[in-house]
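Visitor: One structure, pasted below without further comment.
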Amino acid sequence: MRPSDTDELVWSPDQTILRLGGDEELAGQLVTLFIGECPRMMAQVRESVEQGAPDLVRRAAHAFKGSVSNFTTGGPAVTALALETMGRDGQLDDAAAMLSRLEHEVDVLLSQLRAFEAAFARRATPRAE
């Protein structure tokens with residue numbers, strides 16, 4: 001599997017809500033949770049790559065892939081899978097480049113998730129009359 005191109009990084013809120021049985025509130029909570037946890041999870045992936053520890057790369061990338069797959073099965077999920085596979089195979093020669101790609105893809109996804117979170121918060125806030 002090869003990581004997808006940046007133009008495939010479109011996150012579909014509708015698809016996420018649909019997968020959650022139409023529960024927009026749950027989608028909003030999931031987005032907020034991911035936004036909060038993403039920096040910690042990405043730090044674990046980054047540190048494992050910097051340490052050159054294949055098993056740590058495999059585990060950190062696997063955990064991140066599971067979390068990001070709630071929102072997309074392309075882009076960052078595919079790149080995290082590639083890192084996971086590199087770790088499993090003990091072949092980290094391209095891991096730094098793959099990490100750079102993952103960081104870019106996650107930045108794009110986070111901007112989309114933050115926009116959804118802001119819109120969701122505006123709808124959830126009662127208006128003063």
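The way I read the labels, and the way they are meant: chains A, B, ... in the order of the structure tokens, residue 1 as the first residue of every chain, and ligand 1 as the first ligand shown, with later ones counted on from there.
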Can you pull out every residue within 12 Å of A:Leu99, counting only C-alpha atoms, but drop anything in the same chain fewer than 5 positions away, and send it as an NGL selection string?
Guide: :A and (3 or 42-50 or 57 or 60-61 or 76 or 78-84 or 86 or 92-94 or 104-106)
Visitor: Per DSSP on the backbone, what are the helix (DSSP H, G or I) residues of stretch 7-129 of chain A, as a PyMOL selection string?
Guide: chain A and resi 7-8+13-19+24-51+54-68+75-89+95-124
Visitor: Quick one: which stretch 30-74 of chain A residues come within 9 Å of stretch 10-15 of chain A, and what is the nearest atom pair for each with the distance in Å to one decimal, counting only C-alpha atoms, rows ordered by chain and ascending number, as CSV?
Guide:
residue,atom,partner,partner_atom,distance
A:Phe71,CA,A:Trp11,CA,6.5
A:Thr72,CA,A:Trp11,CA,6.2
A:Gly74,CA,A:Val10,CA,8.7
Visitor: What does the file look like for those residues with N, CA and C atoms, as a compact mmCIF listing (two decimals), in the first residue's frame?
Guide:
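out_35.txt was written with the following content:
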# COMPACT_ATOMS: atom_id res chain seq x y z
N PHE A 71 -11.86 8.86 11.25
CA PHE A 71 -12.17 10.00 10.39
C PHE A 71 -11.86 9.77 8.92
N THR A 72 -10.86 8.97 8.64
CA THR A 72 -10.47 8.74 7.25
C THR A 72 -9.74 7.41 7.14
N GLY A 74 -7.99 7.06 4.29
CA GLY A 74 -6.95 7.47 3.35
C GLY A 74 -5.91 8.29 4.08
Visitor: Can you list, as a count of residues only, every protein, DNA or RNA residue that comes within 12 Å of A:Ile17 when you count only C-alpha atoms, leaving out same-chain residues fewer than 2 positions away?
Guide: 21
Visitor: Atom CA of A:Gly36 and atom CA of A:Ala95, how far apart in Å?
Guide: 24.7 Å
Visitor: So, with only C-alpha atoms as the atoms that count, which of A:Gln51, A:Thr73, A:Gln91, A:Thr32 lies closest to A:Phe120?
Guide: A:Thr32
Visitor: Looking at only C-alpha atoms, which of A:Gly75, A:Pro54, A:Ile35, A:Gly66 is the one that sits closest to A:Ala118?
Guide: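 Smallest separation from A:Ala118 among the options: A:Ile35.
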